[in-house]
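Asks: Next comes run31.tsv, TSV, C-alpha atoms:
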chain	number	residue	atom	x	y	z
A	747	MET	CA	20.60	-11.65	-7.87
A	748	SER	CA	22.47	-14.84	-8.53
A	749	ASP	CA	19.80	-17.35	-7.55
A	750	SER	CA	16.96	-16.07	-9.75
A	751	ALA	CA	17.13	-14.94	-13.35
A	752	PRO	CA	16.77	-11.14	-13.46
A	753	ARG	CA	14.24	-9.53	-15.79
A	754	ARG	CA	16.28	-6.58	-17.00
A	755	ARG	CA	13.83	-3.83	-17.78
A	756	PHE	CA	16.17	-0.94	-17.04
A	757	ALA	CA	19.38	-0.16	-18.86
A	758	PRO	CA	22.66	-0.27	-16.92
A	759	GLY	CA	23.41	3.17	-15.54
A	760	THR	CA	19.76	3.94	-14.74
A	761	THR	CA	19.70	6.74	-12.17
A	762	ALA	CA	17.33	7.54	-9.34
A	763	ASP	CA	15.91	10.37	-11.44
A	764	ASP	CA	15.28	7.97	-14.36
A	765	LEU	CA	13.48	5.60	-12.01
A	766	LYS	CA	11.45	8.42	-10.49
A	767	ALA	CA	10.39	9.60	-13.94
A	768	TYR	CA	9.30	6.04	-14.73
A	769	MET	CA	7.36	5.57	-11.48
A	770	ALA	CA	5.67	8.97	-11.14
A	771	PRO	CA	3.03	8.56	-13.89
A	772	PHE	CA	2.32	5.00	-12.74
A	773	VAL	CA	1.58	5.99	-9.14
A	774	ALA	CA	-0.25	9.14	-10.26
A	775	ARG	CA	-2.86	6.91	-11.89
A	776	LEU	CA	-3.32	5.25	-8.50
A	777	GLY	CA	-3.75	8.62	-6.76
A	778	TYR	CA	-0.24	8.89	-5.28
A	779	LYS	CA	2.84	11.07	-5.66
A	780	PHE	CA	6.40	10.96	-4.34
A	781	ASN	CA	6.77	11.93	-0.68
A	782	THR	CA	7.31	15.67	-0.24
A	783	ASP	CA	10.21	14.83	2.12
A	784	GLU	CA	12.93	14.92	-0.54
A	785	ASP	CA	15.72	13.68	1.75
A	786	PHE	CA	13.67	10.63	2.61
A	787	VAL	CA	12.85	9.96	-1.06
A	788	ALA	CA	16.53	10.26	-1.94
A	789	MET	CA	17.42	7.71	0.75
A	790	VAL	CA	14.86	5.15	-0.45
A	791	MET	CA	15.75	5.71	-4.11
A	792	GLU	CA	19.41	5.16	-3.28
A	793	GLY	CA	18.41	1.73	-1.95
A	794	GLU	CA	16.29	1.06	-5.05
A	795	ILE	CA	19.23	1.87	-7.31
A	796	GLU	CA	21.57	-0.36	-5.28
A	797	VAL	CA	19.09	-3.22	-5.75
A	798	LEU	CA	18.73	-2.44	-9.45
A	799	GLU	CA	22.48	-2.39	-10.02
A	800	ARG	CA	22.98	-5.62	-8.12
A	801	ASP	CA	19.95	-7.62	-9.34
A	802	GLY	CA	19.21	-6.02	-12.71
A	803	ASP	CA	15.65	-5.25	-11.70
A	804	VAL	CA	13.77	-3.01	-9.30
A	805	TYR	CA	12.56	-4.46	-6.03
A	806	CYS	CA	11.63	-3.12	-2.63
A	807	PRO	CA	14.95	-2.20	-0.93
A	808	CYS	CA	13.53	-3.30	2.44
A	809	ARG	CA	12.62	-6.80	1.32
A	810	VAL	CA	14.76	-9.77	0.46
A	811	ARG	CA	14.11	-11.99	-2.51
A	812	THR	CA	13.65	-15.60	-1.55
A	813	GLY	CA	14.45	-16.88	-5.05
A	814	ASP	CA	10.89	-18.18	-5.44
A	815	PRO	CA	9.34	-15.87	-8.09
A	816	LYS	CA	5.81	-16.56	-6.87
A	817	GLU	CA	6.76	-15.48	-3.36
A	818	ASP	CA	8.91	-12.58	-4.51
A	819	LEU	CA	6.24	-11.05	-6.74
A	820	LYS	CA	3.85	-10.72	-3.79
A	821	ILE	CA	5.23	-7.25	-3.17
A	822	ILE	CA	7.08	-5.21	-5.75
A	823	CYS	CA	7.72	-1.49	-5.69
A	824	PRO	CA	5.43	0.43	-5.98
A	825	CYS	CA	3.34	-1.89	-3.83
A	826	ILE	CA	0.25	0.36	-3.75
A	827	PRO	CA	-1.96	-1.92	-5.91
A	828	PHE	CA	-1.50	-4.77	-3.41
A	829	TYR	CA	-2.98	-2.87	-0.46
A	830	THR	CA	-5.21	-0.21	-2.02
A	831	ASP	CA	-7.62	0.19	0.89
A	832	ARG	CA	-5.03	0.00	3.65
A	833	PHE	CA	-2.64	2.48	2.03
A	834	SER	CA	-5.43	4.87	1.17
A	835	ALA	CA	-6.41	4.91	4.85
A	836	MET	CA	-2.75	5.34	5.89
A	837	ARG	CA	-2.40	8.05	3.21
A	838	LYS	CA	0.96	6.55	2.24
A	839	CYS	CA	2.45	3.38	0.85
A	840	TRP	CA	4.16	0.92	3.12
A	841	CYS	CA	7.53	2.66	3.37
A	842	GLY	CA	6.26	6.16	2.62
A	843	LEU	CA	8.09	6.59	-0.65
A	844	PHE	CA	4.69	7.51	-2.04
A	845	ILE	CA	1.98	9.54	-0.35
A	846	ARG	CA	-1.63	10.12	-1.28
A	847	MET	CA	-2.03	12.93	-3.78
A	848	ASP	CA	-3.93	15.14	-1.29
A	849	VAL	CA	-1.25	14.99	1.46
A	850	GLU	CA	0.67	18.27	1.70
A	851	ASP	CA	3.46	17.34	4.11
A	852	GLY	CA	4.53	13.73	3.77
A	853	SER	CA	7.13	14.02	6.54
A	854	LEU	CA	4.28	14.03	9.08
A	855	LEU	CA	3.38	10.49	8.02
A	856	HIS	CA	6.74	8.87	8.82
A	857	GLY	CA	6.21	6.04	11.24
A	858	VAL	CA	2.53	5.53	10.29
A	859	MET	CA	2.37	1.77	9.85
A	860	GLU	CA	-1.25	0.97	10.50
A	861	ALA	CA	-4.51	2.15	9.06
A	862	PRO	CA	-6.36	4.30	11.60
A	863	ALA	CA	-9.04	2.41	13.50
A	864	GLY	CA	-12.65	2.83	12.47
A	865	GLU	CA	-13.87	4.40	9.27
A	866	ALA	CA	-11.50	6.02	6.85
A	867	ASP	CA	-11.61	7.84	3.55
A	868	VAL	CA	-10.53	5.48	0.84
A	869	ARG	CA	-9.67	6.70	-2.62
A	870	ILE	CA	-11.81	4.91	-5.18
A	871	ALA	CA	-11.43	6.89	-8.42
A	872	ALA	CA	-10.21	10.02	-10.09
A	873	THR	CA	-12.99	12.44	-11.05
A	874	GLY	CA	-12.07	11.97	-14.70
A	875	ASP	CA	-12.69	8.21	-14.50
A	876	LEU	CA	-16.45	8.73	-14.83
A	877	ALA	CA	-18.34	10.93	-17.25
A	878	ASP	CA	-21.53	12.54	-16.03
A	879	GLY	CA	-24.44	10.08	-16.08
A	880	GLN	CA	-22.07	7.13	-15.75
A	881	GLY	CA	-21.67	4.43	-13.13
A	882	ARG	CA	-19.12	1.75	-12.44
A	883	VAL	CA	-18.17	-0.94	-9.98
A	884	VAL	CA	-15.20	-0.05	-7.79
A	885	ALA	CA	-13.27	-2.26	-5.39
A	886	VAL	CA	-12.24	-1.36	-1.85
A	887	GLY	CA	-10.14	-4.32	-0.79
A	888	LYS	CA	-12.36	-7.33	-1.33
A	889	ARG	CA	-15.51	-5.23	-1.13
A	890	LYS	CA	-17.33	-4.01	-4.24
A	891	LEU	CA	-19.14	-0.67	-4.36
A	892	ALA	CA	-21.20	1.07	-7.03
A	893	LEU	CA	-20.06	4.59	-7.89
A	894	PHE	CA	-22.17	7.02	-9.91
A	895	ARG	CA	-21.65	10.53	-11.23
A	896	VAL	CA	-24.70	12.74	-11.69
A	897	GLY	CA	-24.68	16.50	-12.25
A	898	GLY	CA	-20.99	16.67	-11.30
A	899	GLU	CA	-21.65	14.96	-7.93
A	900	PHE	CA	-20.54	11.47	-6.95
A	901	PHE	CA	-22.68	8.90	-5.14
A	902	CYS	CA	-21.65	5.55	-3.72
A	903	LEU	CA	-23.83	2.56	-2.86
A	904	ASP	CA	-23.28	-1.07	-2.00
A	905	ASN	CA	-22.93	-2.83	-5.32
A	906	VAL	CA	-25.83	-5.17	-4.63
A	907	CYS	CA	-29.41	-5.05	-5.84
A	908	MET	CA	-31.57	-6.41	-3.02
A	909	HIS	CA	-33.65	-8.45	-5.49
A	910	MET	CA	-31.13	-11.01	-6.71
A	911	TRP	CA	-27.76	-9.47	-5.79
A	912	ALA	CA	-26.99	-8.08	-9.23
A	913	PRO	CA	-24.14	-5.53	-9.55
A	914	LEU	CA	-25.82	-2.13	-9.36
A	915	GLY	CA	-22.71	-0.36	-10.62
A	916	GLU	CA	-23.40	-1.94	-14.01
A	917	GLY	CA	-26.98	-0.62	-14.04
A	918	TYR	CA	-28.57	2.01	-16.26
A	919	LEU	CA	-28.53	5.56	-14.92
A	920	GLU	CA	-31.32	8.08	-15.59
A	921	GLY	CA	-30.98	11.26	-13.60
A	922	HIS	CA	-30.50	10.18	-9.99
A	923	THR	CA	-32.08	6.77	-10.58
A	924	VAL	CA	-30.13	3.62	-11.33
A	925	MET	CA	-31.98	0.71	-12.87
A	926	CYS	CA	-30.65	-2.74	-11.99
A	927	PRO	CA	-29.12	-4.40	-15.06
A	928	TRP	CA	-30.87	-7.73	-14.37
A	929	HIS	CA	-34.55	-7.04	-13.61
A	930	GLY	CA	-34.89	-3.29	-13.56
A	931	TRP	CA	-35.33	-2.55	-9.83
A	932	ARG	CA	-34.82	1.16	-9.40
A	933	TYR	CA	-32.79	2.93	-6.69
A	934	ASP	CA	-32.17	6.59	-5.94
A	935	VAL	CA	-28.37	6.89	-5.95
A	936	ARG	CA	-28.56	9.76	-3.38
A	937	THR	CA	-30.40	7.75	-0.72
A	938	GLY	CA	-30.29	4.10	-1.80
A	939	ALA	CA	-34.10	4.13	-1.58
A	940	THR	CA	-36.26	1.86	-3.73
A	941	ASP	CA	-40.03	1.37	-4.09
A	942	HIS	CA	-39.77	-2.22	-2.89
A	943	PRO	CA	-40.37	-2.66	0.85
A	944	ASP	CA	-37.33	-3.18	3.11
A	945	ALA	CA	-35.01	-3.30	0.14
A	946	ASP	CA	-33.09	-0.02	0.34
A	947	VAL	CA	-29.38	-0.24	-0.39
A	948	LYS	CA	-26.73	1.21	1.93
A	949	THR	CA	-25.08	4.44	0.79
A	950	HIS	CA	-21.55	5.64	1.64
A	951	PRO	CA	-20.47	9.29	2.02
A	952	VAL	CA	-18.32	10.52	-0.83
A	953	THR	CA	-15.92	13.46	-0.86
A	954	VAL	CA	-13.91	14.90	-3.73
A	955	ARG	CA	-10.51	16.52	-3.16
A	956	ASP	CA	-8.01	17.62	-5.78
A	957	GLY	CA	-9.60	15.56	-8.52
A	958	GLU	CA	-9.73	12.39	-6.40
A	959	VAL	CA	-12.88	10.66	-5.21
A	960	PHE	CA	-12.90	9.22	-1.67
A	961	VAL	CA	-15.50	7.08	0.02
A	962	ARG	CA	-15.88	6.82	3.80
A	963	ILE	CA	-16.06	3.20	4.75
B	626	MET	CA	19.44	-8.19	27.12
B	627	ALA	CA	20.25	-9.66	23.67
B	628	THR	CA	19.28	-7.63	20.65
B	629	LYS	CA	19.72	-8.87	17.10
B	630	VAL	CA	18.95	-6.87	13.97
B	631	TYR	CA	18.25	-8.64	10.70
B	632	ALA	CA	18.89	-5.98	8.06
B	633	LEU	CA	19.40	-5.37	4.37
B	634	SER	CA	22.28	-3.22	3.14
B	635	THR	CA	19.85	-1.38	0.82
B	636	CYS	CA	17.08	-0.67	3.32
B	637	PRO	CA	16.73	2.88	4.72
B	638	TYR	CA	14.61	1.78	7.69
B	639	CYS	CA	17.29	-0.73	8.66
B	640	LYS	CA	19.81	2.11	8.73
B	641	MET	CA	17.46	4.23	10.85
B	642	ALA	CA	16.86	1.39	13.30
B	643	ARG	CA	20.58	0.69	13.66
B	644	LYS	CA	21.31	4.37	14.16
B	645	TYR	CA	18.58	4.59	16.78
B	646	LEU	CA	20.07	1.66	18.72
B	647	GLU	CA	23.55	3.18	18.49
B	648	GLU	CA	22.31	6.56	19.68
B	649	ASN	CA	20.73	4.90	22.68
B	650	ALA	CA	23.87	2.87	23.42
B	651	ILE	CA	22.07	-0.46	23.01
B	652	PRO	CA	24.53	-3.22	22.07
B	653	PHE	CA	23.26	-5.37	19.21
B	654	ASP	CA	24.31	-7.95	16.67
B	655	VAL	CA	23.50	-7.30	13.06
B	656	VAL	CA	23.09	-9.67	10.12
B	657	GLU	CA	23.01	-8.11	6.67
B	658	VAL	CA	20.91	-10.78	5.00
B	659	ASP	CA	21.43	-9.62	1.42
B	660	MET	CA	25.19	-9.91	1.87
B	661	LEU	CA	24.94	-13.61	2.70
B	662	THR	CA	25.12	-16.31	0.06
B	663	GLY	CA	24.20	-19.93	-0.47
B	664	THR	CA	22.79	-22.08	2.30
B	665	GLU	CA	23.65	-19.55	4.99
B	666	ARG	CA	21.41	-17.03	3.25
B	667	GLU	CA	18.61	-19.57	2.84
B	668	GLU	CA	18.80	-20.45	6.51
B	669	VAL	CA	18.72	-16.83	7.64
B	670	VAL	CA	15.84	-15.96	5.30
B	671	ALA	CA	13.92	-18.94	6.73
B	672	GLU	CA	14.72	-17.69	10.25
B	673	VAL	CA	13.46	-14.19	9.37
B	674	LYS	CA	10.24	-15.65	7.97
B	675	ARG	CA	9.78	-17.73	11.10
B	676	LEU	CA	10.33	-14.74	13.38
B	677	SER	CA	8.37	-12.12	11.44
B	678	GLY	CA	6.02	-14.02	9.17
B	679	GLY	CA	7.40	-12.22	6.14
B	680	THR	CA	10.47	-11.01	4.32
B	681	SER	CA	10.31	-7.30	5.17
B	682	PHE	CA	13.12	-5.61	7.06
B	683	PRO	CA	14.38	-4.68	9.57
B	684	VAL	CA	13.43	-7.53	11.87
B	685	ILE	CA	14.60	-6.79	15.39
B	686	ASP	CA	14.72	-9.55	17.96
B	687	VAL	CA	14.88	-8.34	21.56
B	688	ASP	CA	15.16	-11.33	23.88
B	689	GLY	CA	12.77	-13.33	21.69
B	690	GLN	CA	10.28	-10.48	21.19
B	691	VAL	CA	10.16	-9.36	17.59
B	692	VAL	CA	9.65	-5.94	16.02
B	693	VAL	CA	9.17	-5.69	12.25
B	694	GLY	CA	10.05	-2.37	10.63
B	695	PHE	CA	11.50	0.71	12.33
B	696	ASN	CA	8.68	0.86	14.86
B	697	LYS	CA	10.05	3.32	17.40
B	698	PRO	CA	7.27	3.04	20.05
B	699	LYS	CA	7.53	-0.76	20.05
B	700	MET	CA	11.33	-0.60	20.28
B	701	GLN	CA	11.09	1.87	23.15
B	702	GLU	CA	8.74	-0.49	24.95
B	703	LEU	CA	10.89	-3.60	24.49
B	704	LEU	CA	14.18	-1.83	25.20
B	705	HIS	CA	12.79	0.20	28.14
B	706	LEU	CA	13.90	3.47	26.56
The structure given in the file should be rewritten as structure tokens.

Replies:
Amino acid sequence: MSDSAPRRRFAPGTTADDLKAYMAPFVARLGYKFNTDEDFVAMVMEGEIEVLERDGDVYCPCRVRTGDPKEDLKIICPCIPFYTDRFSAMRKCWCGLFIRMDVEDGSLLHGVMEAPAGEADVRIAATGDLADGQGRVVAVGKRKLALFRVGGEFFCLDNVCMHMWAPLGEGYLEGHTVMCPWHGWRYDVRTGATDHPDADVKTHPVTVRDGEVFVRI
Amino acid sequence: MATKVYALSTCPYCKMARKYLEENAIPFDVVEVDMLTGTEREEVVAEVKRLSGGTSFPVIDVDGQVVVGFNKPKMQELLHL
């Protein structure tokens, strides 16, 4: 666009297929794939290519650049990383170009613009992200959770030790017990139970589908 | 009833919304914001931000009530379809 310097990352003549090949592995790492509705994908990609040809860079075809880079970078395509929890609950990205990996028919999600009310399954990891006997801190929006993998099963707890609010996801795992990395309080990752009175940690139900780990929250 | 559609020439949902209005014989004005230049563009972008709180399209103004995106149920409600 004329009023902001384009960052040309794509060669002139880039096609929709080139762009799709570039985007697919990126969104796959986030747990998404292109919508199964091929006509719809073609229509959005046509818009993306028009923007690319005009501005020299990819941008959401349904948004206008203001010329202020700070404002304009608030949403780029794919915008999944900006709204991880909301999109995971909607099972699609904002426009539906991408759908969650476990959705079979993306055309059924057209028009879904809000996350369903109440609890929803939110994708927090791929199964391969954690080796057995490992834990990590995962983010769901602004909220942090502790995710553990033991004996091929996944367990999710609030990421807070009730002693001094240390991050449990960084703790040491032995069997089904995680030891807090600060002062060694011990919790059962299956139940959140600890030996200390009134100090159990909340657990969250986890499901695994097609190599993706979801937490109900 | 005055209906105004702020659209982008590249935006599939803008095309769907315009088609939907045409199919229902609703007269409307349309502004293709990305086709504007200079101060006119700046003014219209500012207007879109004021109406919708963002820069996502389409923004549909029905007698001062605003719909962002091709939100069919909301359009049906405002346009009494």

Asks: Which residues of chain A come within 12 Å of chain B, and what is each one's closest atom pair and distance in Å (one decimal), counting all atoms listed in the file, sorted by chain and residue number, as a tab-separated table?

Replies:
residue	atom	partner	partner_atom	distance
A:Met747	CA	B:Asp659	CA	9.5
A:Ser748	CA	B:Thr662	CA	9.1
A:Asp749	CA	B:Gly663	CA	8.7
A:Asp785	CA	B:Pro637	CA	11.2
A:Phe786	CA	B:Pro637	CA	8.6
A:Val787	CA	B:Pro637	CA	9.9
A:Ala788	CA	B:Pro637	CA	9.9
A:Met789	CA	B:Pro637	CA	6.3
A:Val790	CA	B:Pro637	CA	5.9
A:Met791	CA	B:Pro637	CA	9.3
A:Glu792	CA	B:Thr635	CA	7.7
A:Gly793	CA	B:Thr635	CA	4.4
A:Glu794	CA	B:Thr635	CA	7.3
A:Ile795	CA	B:Thr635	CA	8.8
A:Glu796	CA	B:Thr635	CA	6.4
A:Val797	CA	B:Thr635	CA	6.9
A:Leu798	CA	B:Thr635	CA	10.4
A:Glu799	CA	B:Thr635	CA	11.2
A:Arg800	CA	B:Thr635	CA	10.4
A:Asp801	CA	B:Asp659	CA	11.0
A:Val804	CA	B:Thr635	CA	11.9
A:Tyr805	CA	B:Thr635	CA	10.5
A:Cys806	CA	B:Cys636	CA	8.4
A:Pro807	CA	B:Cys636	CA	5.0
A:Cys808	CA	B:Cys636	CA	4.5
A:Arg809	CA	B:Ser681	CA	4.5
A:Val810	CA	B:Thr680	CA	5.9
A:Arg811	CA	B:Thr680	CA	7.8
A:Thr812	CA	B:Val670	CA	7.2
A:Gly813	CA	B:Glu667	CA	9.3
A:Asp814	CA	B:Glu667	CA	11.4
A:Glu817	CA	B:Thr680	CA	9.6
A:Asp818	CA	B:Thr680	CA	9.1
A:Leu819	CA	B:Thr680	CA	11.8
A:Lys820	CA	B:Thr680	CA	10.5
A:Ile821	CA	B:Ser681	CA	9.8
A:Ile822	CA	B:Ser681	CA	11.6
A:Trp840	CA	B:Gly694	CA	10.1
A:Cys841	CA	B:Tyr638	CA	8.3
A:Gly842	CA	B:Tyr638	CA	10.7
A:Leu843	CA	B:Pro637	CA	10.8
A:His856	CA	B:Phe695	CA	10.1
A:Gly857	CA	B:Asn696	CA	6.8
A:Val858	CA	B:Asn696	CA	9.0
A:Met859	CA	B:Asn696	CA	8.1
A:Glu860	CA	B:Asn696	CA	10.8

Asks: Which value, in Å to one decimal, gives the distance between atom CA of Pro827 of chain A and atom CA of Arg889 of chain A?

Replies: 14.7 Å

Asks: Rounded to one decimal place, report the atom CA of Leu893 of chain A-atom CA of Glu850 of chain A distance in Å.

Replies: 26.6 Å

Asks: Restricting the calculation to all atoms listed in the file: of A:Arg755, A:Lys779, A:Ala835, A:Arg962, which residue gets closest to Ala767 of chain A?

Replies: A:Lys779
